[in-house]
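Asks: Below is the file structure12.txt, which contains compact mmCIF, C-alpha atoms.
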# COMPACT_ATOMS: atom_id res chain seq x y z
CA MET A 1 4.73 -4.88 25.14
CA THR A 2 7.39 -6.43 22.89
CA GLY A 3 4.83 -6.29 20.11
CA ILE A 4 4.33 -2.56 20.60
CA ILE A 5 8.09 -1.89 20.58
CA LEU A 6 8.45 -3.90 17.37
CA ALA A 7 5.52 -1.97 15.87
CA LEU A 8 7.25 1.31 16.74
CA VAL A 9 10.63 0.26 15.34
CA ILE A 10 9.48 -1.50 12.14
CA GLY A 11 6.73 1.06 11.50
CA ALA A 12 9.11 4.00 11.88
CA ALA A 13 11.69 2.32 9.62
CA PHE A 14 9.03 1.63 6.99
CA GLY A 15 7.77 5.24 7.06
CA ALA A 16 11.29 6.68 6.88
CA VAL A 17 12.26 4.45 3.94
CA LEU A 18 9.00 5.24 2.09
CA ASP A 19 9.90 8.92 2.45
CA ARG A 20 13.52 8.46 1.34
CA VAL A 21 12.75 6.33 -1.74
CA GLY A 22 10.17 8.91 -2.85
CA ALA A 23 7.13 6.61 -2.62
CA SER A 24 5.23 9.30 -0.70
CA ASN A 25 6.09 11.93 -3.33
CA PRO A 26 3.10 12.25 -5.72
CA ASN A 27 5.40 13.65 -8.44
CA LEU A 28 7.40 10.42 -8.54
CA ILE A 29 4.25 8.25 -8.35
CA GLY A 30 2.67 10.19 -11.24
CA ARG A 31 5.81 9.92 -13.38
CA MET A 32 6.15 6.22 -12.64
CA LEU A 33 2.52 5.62 -13.64
CA ASN A 34 2.62 7.77 -16.80
CA LEU A 35 5.82 5.85 -17.61
CA THR A 36 8.05 8.92 -17.94
CA ASN A 37 10.30 8.03 -14.96
CA LEU A 38 10.55 4.44 -13.78
CA HIS A 39 13.02 5.12 -10.93
CA LEU A 40 10.41 4.24 -8.29
CA MET A 41 9.27 1.15 -10.23
CA LYS A 42 12.85 -0.14 -10.17
CA THR A 43 13.03 0.57 -6.42
CA ILE A 44 9.80 -1.33 -5.72
CA LEU A 45 10.77 -4.32 -7.90
CA LEU A 46 14.17 -4.56 -6.22
CA ALA A 47 12.55 -4.26 -2.77
CA ILE A 48 10.01 -7.02 -3.44
CA GLY A 49 12.71 -9.24 -4.95
CA THR A 50 15.08 -8.65 -2.03
CA GLY A 51 12.35 -9.31 0.53
CA SER A 52 11.25 -12.47 -1.28
CA VAL A 53 14.74 -13.98 -1.57
CA LEU A 54 15.57 -13.20 2.08
CA MET A 55 12.26 -14.54 3.40
CA PHE A 56 12.22 -17.82 1.45
CA ALA A 57 15.97 -18.43 1.91
CA GLY A 58 15.51 -17.69 5.62
CA GLN A 59 12.68 -20.23 5.77
CA MET A 60 14.81 -22.89 4.07
CA LEU A 61 17.62 -22.26 6.57
CA GLY A 62 15.13 -22.44 9.43
CA LEU A 63 15.77 -18.83 10.46
CA VAL A 64 12.37 -17.45 9.47
CA ASP A 65 9.14 -18.81 11.00
CA VAL A 66 6.93 -19.97 8.11
CA GLY A 67 3.96 -19.24 10.40
CA HIS A 68 4.69 -15.52 10.03
CA MET A 69 3.44 -15.63 6.44
CA SER A 70 0.06 -14.05 5.86
CA VAL A 71 -1.49 -14.86 2.49
CA LYS A 72 -4.71 -13.11 1.50
CA ALA A 73 -7.57 -14.74 -0.41
CA ALA A 74 -8.14 -14.22 -4.13
CA TYR A 75 -11.71 -13.35 -5.21
CA SER A 76 -13.19 -11.23 -7.98
CA GLY A 77 -13.46 -8.29 -5.58
CA VAL A 78 -9.66 -8.20 -5.57
CA VAL A 79 -9.79 -7.35 -9.29
CA LEU A 80 -12.48 -4.69 -8.87
CA GLY A 81 -10.88 -3.26 -5.73
CA GLY A 82 -7.48 -3.25 -7.43
CA LEU A 83 -8.89 -1.32 -10.40
CA LEU A 84 -10.50 1.24 -8.06
CA LEU A 85 -7.33 1.60 -6.00
CA GLY A 86 -5.23 1.95 -9.14
CA ALA A 87 -7.39 4.74 -10.55
CA GLY A 88 -7.45 6.62 -7.24
CA TRP A 89 -3.72 6.07 -6.71
CA ALA A 90 -2.94 7.62 -10.11
CA ALA A 91 -5.36 10.53 -9.66
CA SER A 92 -4.21 11.43 -6.15
CA GLY A 93 -0.62 10.21 -6.24
CA TYR A 94 -1.12 8.45 -2.91
CA CYS A 95 -1.95 4.98 -1.62
CA PRO A 96 -3.05 4.35 1.99
CA GLY A 97 0.46 4.11 3.50
CA THR A 98 2.18 6.77 1.45
CA GLY A 99 -0.75 9.17 1.87
CA LEU A 100 -0.34 9.00 5.65
CA VAL A 101 3.44 9.51 5.37
CA ALA A 102 2.96 12.46 2.99
CA ALA A 103 0.43 14.02 5.38
CA ALA A 104 2.96 13.63 8.21
CA ALA A 105 5.56 15.30 5.97
CA GLY A 106 3.30 18.35 5.69
CA ARG A 107 1.76 17.88 2.24
CA ARG A 108 -1.65 19.58 2.41
CA ASP A 109 -3.29 17.58 -0.38
CA ALA A 110 -2.37 14.40 1.51
CA LEU A 111 -4.57 15.53 4.43
CA PHE A 112 -7.50 15.63 2.01
CA PHE A 113 -6.50 12.20 0.72
CA VAL A 114 -6.54 10.79 4.27
CA ALA A 115 -9.93 12.41 5.01
CA GLY A 116 -11.34 10.95 1.80
CA GLY A 117 -9.78 7.61 2.73
CA LEU A 118 -11.46 7.54 6.13
CA LEU A 119 -14.79 8.25 4.44
CA GLY A 120 -14.15 5.61 1.76
CA ALA A 121 -13.31 3.00 4.41
CA ALA A 122 -16.48 3.96 6.32
CA ALA A 123 -18.49 3.65 3.09
CA TYR A 124 -17.15 0.12 2.66
CA MET A 125 -18.10 -0.76 6.24
CA VAL A 126 -21.65 0.42 5.58
CA SER A 127 -21.98 -1.25 2.16
CA TYR A 128 -20.29 -4.52 3.20
CA PRO A 129 -23.52 -6.58 3.58
CA TRP A 130 -24.58 -5.53 0.06
CA VAL A 131 -21.10 -6.16 -1.42
CA ARG A 132 -21.13 -9.64 0.11
CA SER A 133 -24.61 -10.32 -1.28
CA THR A 134 -23.35 -9.73 -4.84
CA GLY A 135 -21.07 -12.77 -4.53
CA ILE A 136 -17.86 -10.96 -5.51
CA LEU A 137 -16.23 -11.93 -2.21
CA ALA A 138 -16.48 -15.65 -3.09
CA GLU A 139 -12.98 -17.13 -3.32
CA MET A 140 -11.43 -18.00 -6.69
CA LEU A 141 -8.14 -19.55 -7.88
CA GLY A 142 -8.05 -21.61 -4.67
CA GLY A 143 -8.49 -18.65 -2.29
CA LYS A 144 -5.51 -18.23 0.02
CA VAL A 145 -2.80 -19.82 -2.10
CA THR A 146 0.80 -19.22 -3.09
CA LEU A 147 2.45 -20.04 -6.40
CA GLY A 148 4.05 -23.30 -5.19
CA ALA A 149 3.60 -25.32 -1.99
CA VAL A 150 5.62 -23.63 0.79
CA PRO A 151 6.84 -26.31 3.23
CA GLY A 152 5.21 -25.93 6.63
CA ALA A 153 2.82 -23.18 5.50
CA GLU A 154 -0.91 -23.35 6.20
CA TYR A 155 -1.71 -22.21 2.64
CA GLY A 156 -2.45 -24.18 -0.49
CA ALA A 157 -0.65 -23.83 -3.79
CA LEU A 158 -1.71 -22.88 -7.30
CA MET A 159 0.78 -25.50 -8.51
CA PRO A 160 0.98 -28.08 -5.69
CA GLY A 161 3.85 -29.94 -7.41
CA LEU A 162 6.07 -26.87 -7.30
CA ALA A 163 8.40 -26.28 -4.31
CA GLY A 164 7.06 -22.94 -3.05
CA ASP A 165 10.20 -21.80 -1.25
CA ILE A 166 12.51 -22.44 -4.22
CA ALA A 167 9.93 -20.89 -6.56
CA GLY A 168 9.82 -17.86 -4.25
CA ILE A 169 13.58 -17.39 -4.48
CA VAL A 170 13.52 -17.78 -8.27
CA VAL A 171 10.64 -15.30 -8.66
CA GLY A 172 12.45 -12.93 -6.27
CA LEU A 173 15.59 -13.10 -8.40
CA VAL A 174 13.48 -12.44 -11.52
CA PHE A 175 12.13 -9.28 -9.84
CA VAL A 176 15.70 -8.15 -9.09
CA ALA A 177 16.72 -8.87 -12.71
CA VAL A 178 13.71 -6.94 -14.06
CA ALA A 179 14.60 -4.01 -11.78
CA PHE A 180 18.03 -3.88 -13.41
CA ALA A 181 16.74 -4.48 -16.95
CA LEU A 182 13.94 -1.89 -16.83
CA PRO A 183 14.86 1.34 -18.68
CA ASP A 184 14.69 4.68 -16.86
CA ARG A 185 11.63 5.63 -18.91
CA LEU A 186 9.26 4.06 -21.42
CA VAL A 187 7.61 7.27 -22.62
CA HIS A 188 9.80 10.16 -23.74
CA ARG A 189 8.34 13.61 -23.42
CA GLY A 190 9.58 17.07 -24.22
CA GLU A 191 12.99 15.73 -25.27
CA VAL A 192 12.88 17.51 -28.63
CA GLN A 193 12.14 20.85 -27.01
CA SER A 194 14.63 20.45 -24.20
CA ALA A 195 17.38 19.33 -26.58
CA HIS A 196 17.28 22.64 -28.45
CA MET B 1 17.57 13.80 -2.06
CA THR B 2 15.76 10.67 -3.19
CA LEU B 3 17.81 7.51 -2.64
CA SER B 4 19.13 5.69 -5.72
CA TRP B 5 16.84 2.82 -6.70
CA LYS B 6 19.53 0.32 -5.74
CA THR B 7 20.06 1.63 -2.20
CA GLY B 8 16.37 2.42 -1.72
CA GLY B 9 15.23 -0.92 -3.08
CA VAL B 10 17.55 -2.92 -0.82
CA LEU B 11 16.58 -0.84 2.25
CA LEU B 12 12.86 -1.21 1.55
CA GLY B 13 13.37 -4.95 0.94
CA LEU B 14 15.16 -5.24 4.28
CA VAL B 15 12.22 -3.59 6.05
CA PHE B 16 9.79 -6.05 4.39
CA PHE B 17 12.06 -8.89 5.51
CA LEU B 18 12.45 -7.55 9.05
CA ALA B 19 8.66 -7.32 9.37
CA VAL B 20 8.03 -10.92 8.28
CA LEU B 21 11.03 -12.20 10.27
CA LEU B 22 9.97 -10.60 13.55
CA VAL B 23 6.18 -10.29 13.33
CA LYS B 24 4.16 -10.49 10.10
CA PRO B 25 4.03 -8.92 6.61
CA ILE B 26 3.37 -5.18 6.40
CA GLY B 27 -0.17 -3.88 5.82
CA VAL B 28 -1.81 -0.46 6.24
CA SER B 29 -5.31 -0.02 4.83
CA THR B 30 -7.19 -2.01 7.52
CA GLN B 31 -6.18 0.69 10.01
CA PHE B 32 -8.37 3.26 8.22
CA VAL B 33 -11.31 1.02 9.18
CA ILE B 34 -10.00 0.67 12.73
CA LEU B 35 -9.68 4.46 13.11
CA ASP B 36 -13.21 4.87 11.73
CA GLY B 37 -14.34 2.36 14.34
CA VAL B 38 -12.47 4.15 17.13
CA LEU B 39 -14.11 7.47 16.14
CA TRP B 40 -17.55 5.80 15.91
CA ASN B 41 -17.00 4.08 19.27
CA ALA B 42 -16.14 7.45 20.84
CA VAL B 43 -19.40 9.10 19.82
CA SER B 44 -21.99 6.33 19.99
CA PRO B 45 -22.55 2.75 21.15
CA GLY B 46 -22.83 -0.06 18.62
CA ALA B 47 -19.29 0.03 17.28
CA VAL B 48 -18.18 -2.49 19.87
CA ILE B 49 -20.61 -4.84 21.59
CA GLU B 50 -19.62 -7.18 24.40
CA THR B 51 -21.02 -10.70 24.28
CA GLU B 52 -20.40 -13.82 26.38
CA THR B 53 -18.00 -15.17 23.76
CA GLY B 54 -16.08 -11.92 23.22
CA LEU B 55 -16.35 -8.64 21.35
CA THR B 56 -18.46 -8.04 18.26
CA SER B 57 -19.99 -5.02 16.53
CA GLY B 58 -23.28 -3.64 15.29
CA ASN B 59 -21.51 -3.27 11.94
CA GLU B 60 -21.23 -6.52 9.98
CA TYR B 61 -17.78 -5.66 8.64
CA LEU B 62 -16.30 -4.94 12.08
CA ALA B 63 -17.99 -8.11 13.41
CA LYS B 64 -16.59 -10.45 10.73
CA SER B 65 -13.83 -13.00 11.41
CA GLY B 66 -14.92 -13.48 15.02
CA GLY B 67 -14.91 -9.80 15.87
CA LYS B 68 -11.23 -9.32 15.01
CA TYR B 69 -11.72 -5.69 13.94
CA ALA B 70 -14.09 -4.93 16.84
CA GLN B 71 -11.35 -6.10 19.19
CA ALA B 72 -8.81 -3.78 17.54
CA VAL B 73 -11.30 -0.89 17.81
CA ALA B 74 -11.77 -1.58 21.52
CA ASP B 75 -7.99 -1.71 22.02
CA PRO B 76 -6.22 0.43 19.41
CA LEU B 77 -2.90 -0.04 21.21
CA ASN B 78 -2.30 -3.19 19.14
CA TYR B 79 0.62 -4.02 16.81
CA SER B 80 -1.03 -3.13 13.48
CA PHE B 81 -2.46 0.21 14.61
CA VAL B 82 0.71 1.33 16.41
CA PHE B 83 2.69 0.25 13.33
CA VAL B 84 0.79 2.77 11.20
CA ILE B 85 1.17 5.57 13.78
CA ALA B 86 4.92 4.81 13.93
CA MET B 87 5.07 4.82 10.13
CA MET B 88 3.72 8.40 10.14
CA ILE B 89 6.22 9.44 12.83
CA GLY B 90 9.12 7.83 10.96
CA GLY B 91 8.06 9.31 7.63
CA GLY B 92 7.46 12.76 9.11
CA LEU B 93 10.82 12.76 10.93
CA SER B 94 12.66 11.57 7.83
CA ALA B 95 11.12 14.35 5.73
CA TRP B 96 11.93 16.94 8.41
CA LEU B 97 15.55 15.74 8.71
CA ARG B 98 16.14 16.17 4.99
CA GLY B 99 14.82 19.73 5.16
CA GLY B 100 11.12 19.11 4.52
CA VAL B 101 9.18 18.95 1.27
CA GLY B 102 9.25 22.73 0.79
CA ALA B 103 6.50 25.37 0.78
CA ALA B 104 5.65 24.97 -2.91
CA GLU B 105 5.19 21.19 -2.59
CA ARG B 106 3.19 21.58 0.63
CA ARG B 107 0.84 23.84 -1.33
CA LEU B 108 0.45 21.37 -4.21
CA PRO B 109 2.68 18.89 -6.06
CA GLU B 110 4.72 20.07 -9.04
CA ILE B 111 3.25 17.41 -11.35
CA TRP B 112 -0.24 18.78 -10.69
CA ARG B 113 0.86 22.38 -11.29
CA ASN B 114 2.49 21.43 -14.59
CA SER B 115 -0.61 19.74 -15.98
CA HIS B 116 -3.46 21.62 -14.29
CA GLY B 117 -2.13 24.93 -13.02
CA ASP B 118 -1.74 26.44 -9.57
CA ASN B 119 -5.14 25.55 -8.07
CA PRO B 120 -4.80 23.91 -4.64
CA ALA B 121 -8.58 23.74 -4.15
CA MET B 122 -9.07 21.58 -7.25
CA ARG B 123 -6.06 19.49 -6.22
CA ALA B 124 -7.52 19.03 -2.72
CA LEU B 125 -10.84 17.90 -4.19
CA ILE B 126 -9.17 15.33 -6.47
CA ALA B 127 -7.01 14.10 -3.56
CA PHE B 128 -10.14 13.73 -1.40
CA ILE B 129 -12.06 11.81 -4.08
CA GLY B 130 -8.91 9.79 -4.82
CA GLY B 131 -8.61 8.89 -1.14
CA PHE B 132 -12.23 7.77 -1.02
CA VAL B 133 -11.83 5.54 -4.10
CA VAL B 134 -8.45 4.16 -2.96
CA LEU B 135 -9.69 3.10 0.48
CA TYR B 136 -13.01 1.75 -0.79
CA GLY B 137 -11.05 -0.26 -3.36
CA ALA B 138 -8.45 -1.41 -0.84
CA ARG B 139 -11.11 -2.70 1.56
CA LEU B 140 -13.01 -4.41 -1.28
CA ALA B 141 -9.76 -6.05 -2.39
CA GLY B 142 -8.80 -6.92 1.20
CA GLY B 143 -5.53 -5.01 1.07
CA CYS B 144 -3.63 -2.17 -0.54
CA THR B 145 -0.29 -1.40 -2.11
CA SER B 146 1.40 -2.53 1.12
CA GLY B 147 -0.53 -5.67 2.02
CA HIS B 148 -1.33 -7.01 -1.46
CA MET B 149 1.28 -5.52 -3.77
CA MET B 150 4.42 -5.49 -1.62
CA SER B 151 3.76 -8.13 1.05
CA GLY B 152 1.55 -10.33 -1.14
CA VAL B 153 3.83 -10.44 -4.17
CA MET B 154 6.84 -10.94 -1.88
CA GLN B 155 5.16 -14.12 -0.55
CA THR B 156 4.17 -15.28 -4.07
CA ALA B 157 0.50 -14.90 -3.07
CA ILE B 158 -1.79 -15.37 -6.08
CA SER B 159 -4.09 -12.65 -4.67
CA GLY B 160 -1.10 -10.29 -4.68
CA TYR B 161 -0.48 -10.91 -8.39
CA VAL B 162 -4.19 -10.46 -9.20
CA PHE B 163 -4.32 -7.22 -7.22
CA THR B 164 -1.10 -5.79 -8.67
CA LEU B 165 -2.09 -6.46 -12.29
CA SER B 166 -5.53 -4.90 -11.68
CA ALA B 167 -4.10 -1.84 -9.92
CA PHE B 168 -1.59 -1.08 -12.67
CA ALA B 169 -4.17 -1.80 -15.40
CA ALA B 170 -6.19 1.14 -14.05
CA ALA B 171 -3.35 3.32 -12.74
CA ILE B 172 -1.23 3.59 -15.89
CA PRO B 173 -4.00 4.77 -18.28
CA THR B 174 -5.34 7.12 -15.57
CA ALA B 175 -1.91 8.70 -15.01
CA ILE B 176 -1.27 9.03 -18.75
CA LEU B 177 -4.62 10.82 -19.12
CA ILE B 178 -4.25 13.09 -16.11
CA TYR B 179 -0.57 14.01 -16.34
CA ARG B 180 -0.13 14.89 -20.00
CA GLU B 181 2.05 17.95 -19.63
CA ASP B 182 4.64 16.60 -17.25
Give the structure from this file in structure tokens form.
Replies:
Amino acid sequence: MTGIILALVIGAAFGAVLDRVGASNPNLIGRMLNLTNLHLMKTILLAIGTGSVLMFAGQMLGLVDVGHMSVKAAYSGVVLGGLLLGAGWAASGYCPGTGLVAAAAGRRDALFFVAGGLLGAAAYMVSYPWVRSTGILAEMLGGKVTLGAVPGAEYGALMPGLAGDIAGIVVGLVFVAVAFALPDRLVHRGEVQSAH
Amino acid sequence: MTLSWKTGGVLLGLVFFLAVLLVKPIGVSTQFVILDGVLWNAVSPGAVIETETGLTSGNEYLAKSGGKYAQAVADPLNYSFVFVIAMMIGGGLSAWLRGGVGAAERRLPEIWRNSHGDNPAMRALIAFIGGFVVLYGARLAGGCTSGHMMSGVMQTAISGYVFTLSAFAAAIPTAILIYRED
């Protein structure tokens, strides 16, 4: 029961924040990805950096259970799946979470995204035995590993000599710094016309 | 209307932290599979099969990892599934409280109109195909923007870095091609 209450609270907070930062707005996703407005990119970098610093610092202070980490395996299907997701994300303006939030916010195209998503997930379920037979689900780069060795974690490390928690804080701070350093846009469009 | 990147970034980071502090890192895309399973289970047998050692499925994907997904299909009132339902409620309420996305945006997004004109049917088709490709890709990769990109990178997971680089490598050229006039 506690689990369900936590799911309701954290889930609702996540959905509300996704809405307020504009992650479920396909206009902002499109402009982030065509590099004309990096506002959302800065938000995401700062969020990841903040989460990383808090989590690893919390682990070092003994406040965060290292066992709560959940590290996924690396395999070549992650590359292929990432490419597919990236193309679909750009074309539709939605990813699985933000598509659901946008549908809840009343965006009609998001309902079509969710319907397509349910069919795509079903297609994967059906094709799974074939996908597995191709070998692209075989683990690479050590499988379920983090950058450095996180004390007390059940996962391996890409660089076993590196202290994973300190590395996590450093990488988190780098993400925060990049969020600040990133310009508002990399591609300028229509500035000549709008200036006159 | 949209939060500044500083406020929004810190808030989103706090939610990531809260999730891993109290339960586990955030993830969404698996629940598309679980809902498919729930729908399948409602119309025909085979989605969930009871054995002496526990639940499994007639589908190899639902049966993998000791029937973990089959179990979630049999009992959708679990943390991960309720999390996604709550995410929709929270997102929907938040949008409603700030006055909604507006009739024009509900019809189709501005960025689409600027580059491709006012054709909701074409937009719906692209969104549908996009959804198919996104979820097929997410399941192949074992996670999506939430599980791999946000939660994975936050934990310094190598799979998260691999996924994020791959996703942006496809997403940026695609967006530049599709949204030329915005």
Asks: What's the 10 Å shell around Gly106 of chain A, counting only C-alpha atoms, without same-chain residues fewer than 5 positions away, as a list of chain:residue names?
Replies: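 Everything that qualifies: A:Val101, A:Leu111, B:Gly92, B:Ala95, B:Trp96, B:Gly100, B:Val101, B:Gly102, B:Ala103, B:Glu105, B:Arg106, B:Arg107.
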Asks: Hey, what's within 7 Å of Ile172 of chain B if we count all atoms listed in the file and toss same-chain stuff fewer than 3 positions away? As a ChimeraX atom specification, please?
Replies: /A:33-34 /B:168-169,175-176
Asks: Out of B:Ala167, B:Arg98, B:Ile158, B:Met87, which residue has the shortest atom-to-atom distance to Ala103 of chain A when counting all atoms listed in the file?
Replies: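 Result for the nearest residue to Ala103 of chain A: B:Met87.
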Asks: Restricting the calculation to all atoms listed in the file: of A:Leu173, A:Ala122, A:Leu6, A:Met159, which residue gets closest to Trp40 of chain B?
Replies: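 The answer is A:Ala122, which sits nearest to Trp40 of chain B.
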Asks: I'd like the contact shell of Asp118 of chain B - 8 Å cut-off, all atoms listed in the file, skipping same-chain residues fewer than 4 positions apart - returned as JSON, numbers by chain.
Replies: {"B": [108, 112, 113]}
